[in-house]
file structure20.cif (mmCIF, C-alpha atoms)
data_query
loop_
_atom_site.label_atom_id
_atom_site.label_comp_id
_atom_site.auth_asym_id
_atom_site.auth_seq_id
_atom_site.Cartn_x
_atom_site.Cartn_y
_atom_site.Cartn_z
CA MET A 1458 -17.55 4.18 -8.68
CA LYS A 1459 -14.50 3.01 -10.58
CA HIS A 1460 -11.01 4.46 -10.46
CA TYR A 1461 -11.32 6.81 -13.43
CA GLU A 1462 -14.53 8.37 -12.08
CA LEU A 1463 -13.07 8.95 -8.62
CA ALA A 1464 -9.81 10.17 -10.15
CA VAL A 1465 -11.55 12.87 -12.20
CA LYS A 1466 -13.42 14.07 -9.12
CA PHE A 1467 -10.23 14.16 -7.02
CA TYR A 1468 -8.16 15.93 -9.65
CA LYS A 1469 -10.68 18.74 -9.98
CA GLN A 1470 -10.57 19.31 -6.22
CA LYS A 1471 -6.98 18.61 -5.17
CA GLY A 1472 -5.05 17.07 -8.05
CA PRO A 1473 -2.42 19.76 -8.82
CA ARG A 1474 -1.54 20.35 -5.15
CA HIS A 1475 -1.36 16.60 -4.47
CA ASP A 1476 0.84 16.06 -7.52
CA LYS A 1477 3.20 18.87 -6.50
CA SER A 1478 3.50 17.62 -2.89
CA LEU A 1479 4.35 14.08 -3.89
CA TRP A 1480 6.78 15.11 -6.61
CA ALA A 1481 8.66 17.18 -4.03
CA ILE A 1482 9.06 14.01 -1.95
CA ARG A 1483 10.23 12.10 -5.03
CA GLN A 1484 12.91 14.75 -5.63
CA LYS A 1485 13.97 14.57 -1.99
CA ARG A 1486 14.21 10.80 -2.35
CA ASP A 1487 16.40 11.10 -5.45
CA LYS A 1488 18.74 13.49 -3.66
CA ALA A 1489 19.09 11.14 -0.68
CA ILE A 1490 19.86 8.17 -2.91
CA LYS A 1491 22.57 10.00 -4.82
CA GLU A 1492 24.48 10.14 -1.53
CA VAL A 1493 24.75 6.34 -1.56
CA LYS A 1494 27.13 5.34 -4.35
CA GLU A 1495 26.41 1.65 -3.85
CA TRP A 1496 22.63 2.10 -4.11
CA GLU A 1497 22.21 -0.32 -7.02
CA GLU A 1498 24.30 -2.88 -5.16
CA LEU A 1499 21.97 -2.48 -2.18
CA ARG A 1500 18.96 -2.96 -4.47
CA ASN A 1501 20.43 -6.17 -5.86
CA LYS A 1502 21.23 -7.37 -2.36
CA ALA A 1503 17.76 -6.52 -1.03
CA SER A 1504 16.09 -8.19 -3.99
CA GLY A 1505 18.18 -11.32 -3.48
CA ILE A 1506 17.31 -11.46 0.22
CA LYS A 1507 13.62 -11.17 -0.57
CA ASP A 1508 13.87 -13.87 -3.24
CA TYR A 1509 15.43 -16.13 -0.60
CA VAL A 1510 12.64 -15.29 1.86
CA ILE A 1511 9.97 -16.14 -0.71
CA GLU A 1512 11.58 -19.49 -1.50
CA ASN A 1513 12.03 -20.36 2.18
CA LEU A 1514 9.07 -18.62 3.78
CA HIS A 1515 7.62 -21.67 5.53
CA SER A 1516 10.87 -22.57 7.25
CA LEU A 1517 11.62 -18.93 8.14
CA VAL A 1518 8.20 -18.58 9.77
CA ASP A 1519 8.87 -21.69 11.85
CA GLU A 1520 12.31 -20.37 12.80
CA PHE A 1521 10.91 -17.00 13.82
CA ILE A 1522 8.15 -18.51 15.96
CA LYS A 1523 10.63 -20.76 17.77
CA ASN A 1524 13.10 -17.95 18.50
CA ALA A 1525 10.43 -15.42 19.46
CA GLU A 1526 8.89 -17.81 21.97
CA ASN A 1527 12.35 -18.58 23.36
CA ALA A 1528 12.83 -14.82 23.74
CA GLY A 1529 9.69 -14.58 25.89
CA ILE A 1530 7.19 -13.36 23.29
CA GLU A 1531 3.83 -15.02 22.72
CA VAL A 1532 3.30 -15.81 19.03
CA VAL A 1533 -0.02 -16.62 17.38
CA PHE A 1534 -0.47 -17.61 13.73
CA ALA A 1535 -3.64 -16.30 12.04
CA LYS A 1536 -4.75 -17.85 8.76
CA ASN A 1537 -6.94 -14.93 7.74
CA ALA A 1538 -8.31 -11.54 8.76
CA LYS A 1539 -11.12 -13.09 10.80
CA GLU A 1540 -8.70 -15.15 12.90
CA HIS A 1541 -6.46 -12.12 13.36
CA ASN A 1542 -9.26 -9.89 14.60
CA GLU A 1543 -10.66 -12.56 16.91
CA THR A 1544 -7.20 -13.14 18.38
CA VAL A 1545 -6.68 -9.44 19.09
CA LEU A 1546 -10.10 -9.22 20.73
CA ARG A 1547 -9.42 -12.29 22.87
CA TYR A 1548 -6.23 -10.80 24.29
CA LEU A 1549 -7.95 -7.47 24.93
CA LYS A 1550 -10.86 -9.12 26.70
CA GLU A 1551 -8.44 -10.99 28.97
CA ILE A 1552 -7.42 -7.65 30.51
CA ASN A 1553 -10.89 -6.07 30.14
CA ALA A 1554 -9.49 -3.42 27.80
CA LYS A 1555 -11.79 -0.56 26.86
CA LYS A 1556 -9.37 1.68 24.98
CA VAL A 1557 -6.29 0.91 22.87
CA VAL A 1558 -3.71 3.13 21.18
CA LYS A 1559 -2.57 2.01 17.74
CA SER A 1560 0.40 3.06 15.66
CA LYS A 1561 0.43 2.77 11.88
CA SER A 1562 -0.27 -0.72 10.60
CA MET A 1563 -1.38 -1.47 7.06
CA LEU A 1564 -1.96 -5.07 8.13
CA THR A 1565 -4.67 -4.04 10.61
CA GLU A 1566 -6.20 -1.87 7.88
CA GLU A 1567 -6.15 -4.91 5.60
CA CYS A 1568 -7.98 -6.91 8.27
CA GLY A 1569 -10.49 -4.16 9.13
CA LEU A 1570 -9.46 -4.26 12.78
CA ASN A 1571 -10.58 -0.76 13.80
CA VAL A 1572 -14.19 -1.35 12.77
CA TYR A 1573 -14.18 -4.83 14.30
CA LEU A 1574 -12.98 -3.59 17.70
CA HIS A 1575 -15.39 -0.66 17.63
CA ASP A 1576 -18.27 -3.06 16.99
CA ASN A 1577 -17.13 -5.02 20.04
CA GLY A 1578 -17.09 -2.01 22.36
CA ILE A 1579 -13.39 -1.14 22.28
CA GLU A 1580 -12.21 2.36 21.41
CA VAL A 1581 -9.25 2.53 19.03
CA ILE A 1582 -7.12 5.69 18.98
CA ASP A 1583 -4.79 5.96 15.99
CA THR A 1584 -1.65 7.71 17.24
CA ASP A 1585 0.28 8.35 14.04
CA LEU A 1586 -0.40 12.03 13.28
CA GLY A 1587 -1.61 11.41 9.75
CA GLU A 1588 -3.64 8.36 10.75
CA ARG A 1589 -5.31 10.31 13.56
CA ILE A 1590 -6.22 13.10 11.17
CA VAL A 1591 -7.98 10.76 8.74
CA GLN A 1592 -9.59 8.87 11.64
CA LEU A 1593 -11.11 12.10 12.98
CA ARG A 1594 -12.25 12.96 9.44
CA GLY A 1595 -13.93 9.56 9.11
CA GLU A 1596 -11.70 8.59 6.19
CA LYS A 1597 -9.29 5.84 5.24
CA PRO A 1598 -5.56 6.54 4.74
CA SER A 1599 -4.82 7.68 1.19
CA HIS A 1600 -1.10 6.78 1.26
CA ILE A 1601 0.70 4.00 3.13
CA VAL A 1602 3.39 6.30 4.57
CA LEU A 1603 1.71 9.71 4.33
CA PRO A 1604 -1.90 8.80 5.20
CA ALA A 1605 -3.19 12.39 5.25
CA ILE A 1606 -1.30 13.69 2.21
CA HIS A 1607 -4.63 14.53 0.56
CA THR A 1608 -5.61 16.96 3.34
CA THR A 1609 -4.67 20.61 3.85
CA LYS A 1610 -3.74 22.53 6.98
CA GLU A 1611 -7.20 24.10 6.83
CA ASP A 1612 -8.74 20.60 6.92
CA VAL A 1613 -6.73 19.76 10.05
CA ALA A 1614 -7.62 23.05 11.76
CA GLU A 1615 -11.29 22.33 11.10
CA ILE A 1616 -11.31 18.95 12.85
CA LEU A 1617 -9.54 20.51 15.86
CA ASN A 1618 -11.97 23.44 15.93
CA GLU A 1619 -9.08 25.84 15.47
CA THR A 1620 -8.78 29.03 13.47
CA ASN A 1621 -4.97 28.95 13.60
CA THR A 1622 -3.76 27.00 10.56
CA ASP A 1623 -0.04 27.07 11.36
CA PRO A 1624 1.23 23.47 10.87
CA THR A 1625 3.58 23.62 13.88
CA TYR A 1626 0.80 24.85 16.15
CA LEU A 1627 -1.59 22.16 14.92
CA THR A 1628 1.04 19.45 15.41
CA HIS A 1629 1.65 20.53 19.02
CA LYS A 1630 -2.09 20.62 19.64
CA MET A 1631 -2.51 17.08 18.33
CA ARG A 1632 0.52 15.91 20.30
CA ALA A 1633 -0.95 17.20 23.57
CA LEU A 1634 -4.24 15.42 22.87
CA LEU A 1635 -2.53 12.14 22.04
CA ARG A 1636 -0.32 12.16 25.15
CA LYS A 1637 -3.45 11.88 27.29
CA GLU A 1638 -4.58 8.87 25.28
CA PHE A 1639 -1.26 7.06 25.75
CA LEU A 1640 -1.42 7.50 29.52
CA SER A 1641 -4.96 6.14 29.79
CA ALA A 1642 -4.77 3.28 27.27
CA ASP A 1643 -5.25 -0.34 28.32
CA ALA A 1644 -3.18 -1.78 25.46
CA GLY A 1645 -0.99 -0.78 22.56
CA LEU A 1646 -1.33 -2.12 19.02
CA SER A 1647 1.25 -1.77 16.27
CA GLY A 1648 2.51 -3.27 13.07
CA ALA A 1649 6.13 -4.10 12.30
CA ASN A 1650 8.39 -3.23 9.40
CA PHE A 1651 10.54 -6.33 9.77
CA LEU A 1652 10.80 -9.59 11.72
CA VAL A 1653 14.26 -11.05 12.36
CA ALA A 1654 14.03 -14.83 12.04
CA ASP A 1655 17.20 -15.87 13.87
CA LYS A 1656 16.46 -13.60 16.85
CA GLY A 1657 12.69 -13.66 17.10
CA TRP A 1658 12.56 -9.86 17.26
CA ALA A 1659 10.18 -7.33 15.71
CA VAL A 1660 11.52 -4.10 14.22
CA VAL A 1661 9.40 -0.95 14.00
CA CYS A 1662 10.52 2.22 12.18
CA THR A 1663 8.73 5.52 12.90
CA ASN A 1664 9.35 9.25 12.86
CA GLU A 1665 7.02 10.20 15.70
CA GLY A 1666 7.87 7.73 18.47
CA ASN A 1667 4.22 6.82 18.89
CA ALA A 1668 4.87 3.11 18.40
CA ASP A 1669 7.39 3.17 21.26
CA LEU A 1670 4.93 4.84 23.64
CA GLY A 1671 2.23 2.33 22.73
CA ALA A 1672 4.66 -0.54 23.19
CA VAL A 1673 6.01 0.55 26.57
CA LEU A 1674 3.32 2.38 28.56
CA PRO A 1675 0.30 -0.02 28.48
CA PRO A 1676 0.61 -3.49 30.07
CA LEU A 1677 -0.17 -5.28 26.78
CA HIS A 1678 1.49 -4.76 23.39
CA ILE A 1679 0.13 -6.61 20.36
CA ILE A 1680 2.10 -6.59 17.10
CA SER A 1681 0.16 -7.53 13.96
CA VAL A 1682 2.37 -8.36 11.00
CA GLY A 1683 2.27 -10.20 7.69
CA ILE A 1684 4.50 -13.24 7.34
CA GLU A 1685 6.34 -11.71 4.37
CA LYS A 1686 7.99 -9.14 6.66
CA ILE A 1687 10.53 -11.73 7.82
CA VAL A 1688 14.25 -11.28 7.11
CA PRO A 1689 16.73 -14.05 7.89
CA ASN A 1690 19.12 -12.21 10.23
CA MET A 1691 20.39 -8.89 11.59
CA LYS A 1692 22.92 -8.47 8.78
CA ASP A 1693 20.13 -8.64 6.22
CA LEU A 1694 18.06 -6.23 8.32
CA GLY A 1695 20.83 -3.66 7.95
CA VAL A 1696 20.41 -3.64 4.17
CA PHE A 1697 16.75 -2.70 4.43
CA LEU A 1698 17.25 -0.11 7.16
CA ARG A 1699 19.68 1.74 4.88
CA MET A 1700 17.07 1.80 2.12
CA LEU A 1701 13.66 2.16 3.76
CA ALA A 1702 13.67 5.80 4.89
CA ARG A 1703 15.61 7.08 1.88
CA ASN A 1704 13.15 5.51 -0.50
CA ALA A 1705 10.08 6.51 1.51
CA THR A 1706 10.69 10.11 2.54
CA GLY A 1707 14.24 11.02 1.53
CA GLN A 1708 15.59 10.66 5.07
CA LYS A 1709 18.85 8.87 5.80
CA ILE A 1710 17.08 6.83 8.46
CA THR A 1711 13.82 7.02 10.39
CA THR A 1712 13.91 9.04 13.62
CA TYR A 1713 13.15 5.94 15.67
CA THR A 1714 14.18 2.37 14.84
CA SER A 1715 12.99 0.12 17.66
CA ILE A 1716 13.69 -3.56 18.17
CA PHE A 1717 11.15 -5.37 20.35
CA GLY A 1718 11.83 -8.57 22.24
CA LYS A 1719 10.30 -9.62 25.55
CA LYS A 1720 8.24 -6.93 27.30
CA ASP A 1721 9.62 -6.26 30.78
CA ASN A 1722 6.53 -4.67 32.33
CA GLY A 1723 3.78 -6.78 30.82
CA LYS A 1724 2.96 -9.02 27.87
CA ARG A 1725 3.99 -8.75 24.23
CA VAL A 1726 2.15 -10.76 21.58
CA ILE A 1727 3.05 -11.09 17.90
CA ILE A 1728 0.27 -12.18 15.55
CA LEU A 1729 1.69 -13.58 12.32
CA VAL A 1730 -0.90 -13.19 9.57
CA ASP A 1731 -1.17 -15.26 6.41
CA ASN A 1732 -4.40 -13.94 4.83
CA GLY A 1733 -3.61 -15.39 1.42
CA ARG A 1734 0.15 -14.89 1.44
CA PHE A 1735 1.12 -18.57 1.46
CA GLU A 1736 -1.32 -19.14 -1.40
CA ARG A 1737 0.27 -16.27 -3.32
CA LEU A 1738 3.60 -18.10 -3.18
CA LYS A 1739 2.16 -20.52 -5.73
CA SER A 1740 1.03 -17.81 -8.15
CA GLN A 1741 2.66 -15.71 -10.86
CA PHE A 1742 2.33 -12.73 -8.51
CA LYS A 1743 4.52 -14.08 -5.72
CA GLU A 1744 7.04 -11.27 -6.26
CA THR A 1745 4.55 -8.84 -4.71
CA LEU A 1746 5.56 -10.47 -1.41
CA LYS A 1747 8.92 -8.73 -1.75
CA CYS A 1748 7.33 -5.34 -1.05
CA ILE A 1749 8.62 -3.54 2.06
CA ARG A 1750 5.87 -0.87 1.96
CA CYS A 1751 8.30 2.01 1.38
CA SER A 1752 5.66 3.74 -0.80
CA ALA A 1753 8.16 4.91 -3.43
CA CYS A 1754 6.03 3.41 -6.20
CA LEU A 1755 3.06 5.51 -5.05
CA THR A 1756 5.03 8.73 -4.76
CA THR A 1757 6.54 8.46 -8.24
CA CYS A 1758 3.45 7.18 -10.08
CA PRO A 1759 1.99 9.85 -12.42
CA VAL A 1760 -1.45 8.29 -12.11
CA PHE A 1761 -1.43 8.10 -8.31
CA ARG A 1762 -0.07 11.62 -7.93
CA ARG A 1763 -3.00 13.00 -9.92
CA SER A 1764 -5.78 10.67 -8.78
CA GLY A 1765 -5.15 10.27 -5.04
CA GLY A 1766 -5.18 7.12 -2.95
CA HIS A 1767 -8.91 6.94 -2.30
CA SER A 1768 -9.62 6.49 -6.01
CA TYR A 1769 -8.14 2.98 -5.72
CA ARG A 1770 -10.76 1.98 -3.10
CA TYR A 1771 -8.31 -0.48 -1.54
CA VAL A 1772 -6.29 -0.24 1.65
CA ILE A 1773 -3.03 -0.13 -0.35
CA PRO A 1774 -3.26 2.14 -3.41
CA GLY A 1775 -0.86 2.92 -6.24
CA PRO A 1776 1.06 0.43 -8.40
CA ILE A 1777 1.53 -2.15 -5.65
CA GLY A 1778 -2.13 -1.84 -4.70
CA SER A 1779 -3.13 -2.39 -8.32
CA LEU A 1780 -1.45 -5.78 -8.03
CA LEU A 1781 -2.67 -6.70 -4.55
CA ALA A 1782 -6.29 -5.57 -4.74
CA PRO A 1783 -7.44 -7.87 -7.60
CA LEU A 1784 -5.99 -10.82 -5.70
CA THR A 1785 -8.51 -10.13 -2.92
CA ASP A 1786 -11.51 -9.37 -5.16
CA LYS A 1787 -10.99 -9.94 -8.85
CA GLU A 1788 -14.26 -8.36 -9.96
CA GLU A 1789 -14.35 -5.33 -7.66
CA TYR A 1790 -10.82 -4.20 -8.51
CA SER A 1791 -10.60 -5.32 -12.14
CA ASP A 1792 -10.09 -1.71 -13.27
CA LEU A 1793 -6.97 -1.01 -11.18
CA PRO A 1794 -4.32 -2.74 -13.35
CA PHE A 1795 -5.47 -0.44 -16.15
CA ALA A 1796 -5.03 2.69 -14.01
CA CYS A 1797 -1.45 2.66 -15.19
CA THR A 1798 0.55 4.07 -18.10
CA LEU A 1799 3.16 1.28 -17.91
CA CYS A 1800 5.80 4.03 -17.77
CA GLY A 1801 7.94 1.87 -15.46
CA SER A 1802 8.75 4.63 -12.97
CA CYS A 1803 7.59 2.39 -10.10
CA GLU A 1804 9.95 -0.34 -11.24
CA THR A 1805 12.84 2.12 -11.39
CA VAL A 1806 12.46 3.26 -7.77
CA CYS A 1807 11.51 -0.07 -6.15
CA PRO A 1808 14.22 -1.02 -3.62
CA VAL A 1809 13.56 -4.75 -4.02
CA LYS A 1810 13.22 -4.66 -7.83
CA ILE A 1811 9.66 -5.87 -8.18
CA PRO A 1812 9.03 -6.15 -11.97
CA PHE A 1813 5.97 -3.91 -11.87
CA THR A 1814 5.51 -3.51 -15.62
CA LYS A 1815 5.48 -7.24 -16.28
CA GLN A 1816 3.33 -7.94 -13.23
CA LEU A 1817 0.76 -5.28 -14.16
CA VAL A 1818 0.48 -6.63 -17.70
CA ASN A 1819 0.02 -10.13 -16.27
CA MET A 1820 -2.61 -8.78 -13.88
CA ARG A 1821 -4.49 -7.28 -16.82
CA HIS A 1822 -4.65 -10.73 -18.40
CA TYR A 1823 -5.68 -12.18 -15.03
CA VAL A 1824 -8.66 -9.85 -14.55
CA LYS A 1825 -9.65 -10.07 -18.23
CA SER A 1826 -10.09 -13.79 -17.84
CA MET A 1827 -13.40 -13.03 -16.11
CA ASP A 1828 -16.38 -14.18 -18.11
CA ASN A 1829 -18.37 -10.96 -18.27
CA GLU A 1830 -19.78 -8.84 -21.07
CA GLN A 1831 -17.36 -5.95 -20.77
CA TRP A 1832 -14.24 -8.01 -21.28
CA SER A 1833 -15.88 -10.30 -23.88
CA MET A 1834 -16.65 -7.28 -26.07
CA GLU A 1835 -13.11 -5.96 -25.71
CA ASN A 1836 -11.59 -9.34 -26.49
CA ALA A 1837 -13.78 -9.66 -29.57
CA GLY A 1838 -12.66 -6.25 -30.77
CA MET A 1839 -9.00 -7.06 -30.21
CA LYS A 1840 -9.30 -10.36 -32.07
CA LEU A 1841 -10.96 -8.57 -34.98
CA ALA A 1842 -8.16 -5.98 -35.02
CA GLU A 1843 -5.59 -8.78 -35.00
CA LYS A 1844 -7.17 -10.38 -38.06
CA ALA A 1845 -7.23 -7.02 -39.83
CA MET A 1846 -3.54 -6.51 -39.16
CA HIS A 1847 -2.80 -9.86 -40.82
CA SER A 1848 -4.91 -9.12 -43.90
CA PRO A 1849 -4.15 -6.09 -46.14
CA LYS A 1850 -7.57 -6.37 -47.76
CA MET A 1851 -9.39 -6.40 -44.44
CA PHE A 1852 -7.19 -3.57 -43.13
CA LYS A 1853 -8.05 -1.39 -46.16
CA LEU A 1854 -11.74 -2.16 -45.69
CA PHE A 1855 -11.78 -1.23 -42.01
CA SER A 1856 -9.70 1.90 -42.52
CA THR A 1857 -12.13 3.06 -45.23
CA ILE A 1858 -15.11 2.42 -42.95
CA LEU A 1859 -13.45 4.35 -40.11
CA ARG A 1860 -12.76 7.36 -42.32
CA LEU A 1861 -16.35 7.45 -43.56
CA THR A 1862 -17.96 6.97 -40.13
CA PRO A 1863 -19.14 10.23 -38.47
CA LYS A 1864 -17.07 11.10 -35.40
CA PRO A 1865 -20.11 11.24 -33.02
CA LEU A 1866 -20.96 7.66 -33.98
CA LEU A 1867 -17.38 6.53 -33.32
CA GLU A 1868 -17.43 8.24 -29.92
CA SER A 1869 -20.72 6.56 -29.11
CA VAL A 1870 -19.30 3.12 -29.90
CA ALA A 1871 -16.13 3.86 -27.92
CA LYS A 1872 -17.89 5.76 -25.14
CA GLU A 1873 -15.90 4.15 -22.31
CA TRP A 1874 -12.70 5.34 -23.97
CA SER A 1875 -13.89 8.74 -25.22
CA ARG A 1876 -15.44 9.74 -21.89
CA TYR A 1877 -12.08 10.86 -20.56
CA LYS A 1878 -9.76 10.55 -23.56
CA ALA A 1879 -9.88 12.19 -26.97
CA LEU A 1880 -10.21 9.72 -29.82
CA PRO A 1881 -7.26 10.01 -32.20
CA ALA A 1882 -8.04 11.63 -35.54
CA ILE A 1883 -8.46 9.20 -38.42
CA PRO A 1884 -5.81 9.90 -41.13
CA LYS A 1885 -7.23 11.13 -44.42
CA GLU A 1886 -5.01 8.73 -46.36
CA ARG A 1887 -3.98 5.13 -45.73
CA PHE A 1888 -0.31 4.30 -45.39
CA ILE A 1889 -1.10 1.11 -47.38
CA LYS A 1890 -1.94 2.01 -50.97
#

call {"tool": "encode", "arguments": {"input": "structure20.cif", "output": "structure tokens"}}
result
Amino acid sequence: MKHYELAVKFYKQKGPRHDKSLWAIRQKRDKAIKEVKEWEELRNKASGIKDYVIENLHSLVDEFIKNAENAGIEVVFAKNAKEHNETVLRYLKEINAKKVVKSKSMLTEECGLNVYLHDNGIEVIDTDLGERIVQLRGEKPSHIVLPAIHTTKEDVAEILNETNTDPTYLTHKMRALLRKEFLSADAGLSGANFLVADKGWAVVCTNEGNADLGAVLPPLHIISVGIEKIVPNMKDLGVFLRMLARNATGQKITTYTSIFGKKDNGKRVIILVDNGRFERLKSQFKETLKCIRCSACLTTCPVFRRSGGHSYRYVIPGPIGSLLAPLTDKEEYSDLPFACTLCGSCETVCPVKIPFTKQLVNMRHYVKSMDNEQWSMENAGMKLAEKAMHSPKMFKLFSTILRLTPKPLLESVAKEWSRYKALPAIPKERFIK
């Protein structure tokens, strides 16, 4: 099923509530940002830092690896998802791990790590509250910061076999269950929000402290992170820490901001993952590498708010996902760049100033370059319309034909459009006499 079909189904079930919940977060975000008078200066600074990272990514990766190893951390470079998953499994097998606790990591979702480890006999317990909820429901996260935003308190009570639907009660119940998992886990897995090149450190920002427990209690801590998460130094890190939580949830800062170096009571491994990122540096979509996964573009997007994350069918939904998904599978996700009104709200809230509108238009051209019947028919129609616009005689002819054509026939010809959108009424008179 394509986006528009899944979106219609979702909206009928949960659309208005989902829209209202996310818009409340957007308003909270706006209020938090108004407290920072120099917000636009921070955006310019953050964008400039990310531009520098993109232009110097190879050397920054080398610098990070050198400094991390000097700091006592093992670093492995993985070219793709397969190498990443095999590397994680190798380290887990070295300690005969049977169960691991994992904090939120979109990179491991991108690589399909949970399924891979399960198929190899290792139990993975997601410890982020929202991630655990969707894991128990057998679902994928629907939002990169609020993975269970599509669920209700009744949904959560059901998976816990509870009749009490009080959110505080359910949170405490889940917390008690997860504590037992932390104490019995053989290893901890996590992602990272940032990597500091000149120190060799990994930085993880959470509100629940689950990443810290997974990093400290088990004897092995594996951090899986994309190479684009590198920042040059601690001063640059400070810029992003001021922006991340405000843009994501409207907080001044996340509850926990942890910097990981050498692990005192065991081994810490950082797996740097390429998975197409170096190749993307050469493309017109390299600015997507600036993304810090704050999720502001999702929360503000009128399409995402009403259609839900699962309608995108990709690990990262929303505007940024509509750019990333077609780069992984051009045919499967060719509809996503069109699941957009080009309103520019995502571009307005982006802390690193990704030019979403331009990039989404470019992505539409990119996916339309496919040689298939659907796009060939559309291109033919657009070329015909272009010729009509350049010829008054042809324009008059087509406008006359349109006015005389029965509406049911027009809807039949334009069935992909008219299925979910009303065809505009044909004017009774031409504006060209």

call {"tool": "resolve_selection", "arguments": {"input": "structure20.cif", "expression": "the PyMOL selection byres ((chain A and resi 1851-1861) around 12)", "output": "PyMOL selection string"}}
result
chain A and resi 1841-1850+1862-1868+1870+1881-1890

call {"tool": "write_last_selection", "arguments": {"input": "structure20.cif", "atoms": "C-alpha atoms", "output": "tab-separated table (two decimals), in the frame of the given file"}}
result
chain	number	residue	atom	x	y	z
A	1841	LEU	CA	-10.96	-8.57	-34.98
A	1842	ALA	CA	-8.16	-5.98	-35.02
A	1843	GLU	CA	-5.59	-8.78	-35.00
A	1844	LYS	CA	-7.17	-10.38	-38.06
A	1845	ALA	CA	-7.23	-7.02	-39.83
A	1846	MET	CA	-3.54	-6.51	-39.16
A	1847	HIS	CA	-2.80	-9.86	-40.82
A	1848	SER	CA	-4.91	-9.12	-43.90
A	1849	PRO	CA	-4.15	-6.09	-46.14
A	1850	LYS	CA	-7.57	-6.37	-47.76
A	1862	THR	CA	-17.96	6.97	-40.13
A	1863	PRO	CA	-19.14	10.23	-38.47
A	1864	LYS	CA	-17.07	11.10	-35.40
A	1865	PRO	CA	-20.11	11.24	-33.02
A	1866	LEU	CA	-20.96	7.66	-33.98
A	1867	LEU	CA	-17.38	6.53	-33.32
A	1868	GLU	CA	-17.43	8.24	-29.92
A	1870	VAL	CA	-19.30	3.12	-29.90
A	1881	PRO	CA	-7.26	10.01	-32.20
A	1882	ALA	CA	-8.04	11.63	-35.54
A	1883	ILE	CA	-8.46	9.20	-38.42
A	1884	PRO	CA	-5.81	9.90	-41.13
A	1885	LYS	CA	-7.23	11.13	-44.42
A	1886	GLU	CA	-5.01	8.73	-46.36
A	1887	ARG	CA	-3.98	5.13	-45.73
A	1888	PHE	CA	-0.31	4.30	-45.39
A	1889	ILE	CA	-1.10	1.11	-47.38
A	1890	LYS	CA	-1.94	2.01	-50.97

call {"tool": "resolve_selection", "arguments": {"input": "structure20.cif", "expression": "the PyMOL selection byres ((chain A and resi 1674) around 12)", "output": "short mmCIF file (atom, residue, chain, number, x, y, z; two decimals) with C-alpha atoms, in the coordinates of the input"}}
result
data_model
loop_
_atom_site.label_atom_id
_atom_site.label_comp_id
_atom_site.auth_asym_id
_atom_site.auth_seq_id
_atom_site.Cartn_x
_atom_site.Cartn_y
_atom_site.Cartn_z
CA VAL A 1557 -6.29 0.91 22.87
CA VAL A 1558 -3.71 3.13 21.18
CA ARG A 1636 -0.32 12.16 25.15
CA LYS A 1637 -3.45 11.88 27.29
CA GLU A 1638 -4.58 8.87 25.28
CA PHE A 1639 -1.26 7.06 25.75
CA LEU A 1640 -1.42 7.50 29.52
CA SER A 1641 -4.96 6.14 29.79
CA ALA A 1642 -4.77 3.28 27.27
CA ASP A 1643 -5.25 -0.34 28.32
CA ALA A 1644 -3.18 -1.78 25.46
CA GLY A 1645 -0.99 -0.78 22.56
CA LEU A 1646 -1.33 -2.12 19.02
CA ASN A 1667 4.22 6.82 18.89
CA ALA A 1668 4.87 3.11 18.40
CA ASP A 1669 7.39 3.17 21.26
CA LEU A 1670 4.93 4.84 23.64
CA GLY A 1671 2.23 2.33 22.73
CA ALA A 1672 4.66 -0.54 23.19
CA VAL A 1673 6.01 0.55 26.57
CA PRO A 1675 0.30 -0.02 28.48
CA PRO A 1676 0.61 -3.49 30.07
CA LEU A 1677 -0.17 -5.28 26.78
CA HIS A 1678 1.49 -4.76 23.39
CA LYS A 1720 8.24 -6.93 27.30
CA ASP A 1721 9.62 -6.26 30.78
CA ASN A 1722 6.53 -4.67 32.33
CA GLY A 1723 3.78 -6.78 30.82
CA LYS A 1724 2.96 -9.02 27.87
CA ARG A 1725 3.99 -8.75 24.23
#

call {"tool": "closest_residue", "arguments": {"input": "structure20.cif", "among": "A:Val1660, A:Leu1781, A:Ile1749, A:Val1818", "to": "A:Leu1799", "atoms": "only C-alpha atoms"}}
result
A:Val1818

call {"tool": "atom_distance", "arguments": {"input": "structure20.cif", "atom1": "atom CA of A:Gly1666", "atom2": "atom CA of A:Arg1589"}}
result
14.3 Å

call {"tool": "atom_distance", "arguments": {"input": "structure20.cif", "atom1": "atom CA of A:Val1682", "atom2": "atom CA of A:Leu1738"}}
result
17.2 Å

call {"tool": "axis_aligned_box", "arguments": {"input": "structure20.cif", "around": "stretch 1778-1795 of chain A", "padding_each_side": "8 Å", "output": "AutoDock Vina command-line options"}}
result
--center_x -7.9 --center_y -5.6 --center_z -9.5 --size_x 28.9 --size_y 26.4 --size_z 29.2

call {"tool": "resolve_selection", "arguments": {"input": "structure20.cif", "expression": "the PyMOL selection byres ((chain A and resi 1712) around 8)", "output": "ChimeraX atom specification"}}
result
/A:1662-1666,1710-1711,1713-1714

call {"tool": "atom_distance", "arguments": {"input": "structure20.cif", "atom1": "atom CA of A:Ala1649", "atom2": "atom CA of A:Ile1687"}}
result
9.9 Å

call {"tool": "residues_around", "arguments": {"input": "structure20.cif", "residues": "A:Ser1516", "least_positions_apart": "5", "cutoff": "12 Å", "atoms": "all atoms listed in the file", "output": "number ranges by chain"}}
result
A: 1509-1511, 1521-1523, 1654-1655, 1684, 1687-1689

call {"tool": "closest_residue", "arguments": {"input": "structure20.cif", "among": "A:Ala1705, A:Ala1605, A:Val1696, A:Met1839", "to": "A:His1475", "atoms": "all atoms listed in the file"}}
result
A:Ala1605
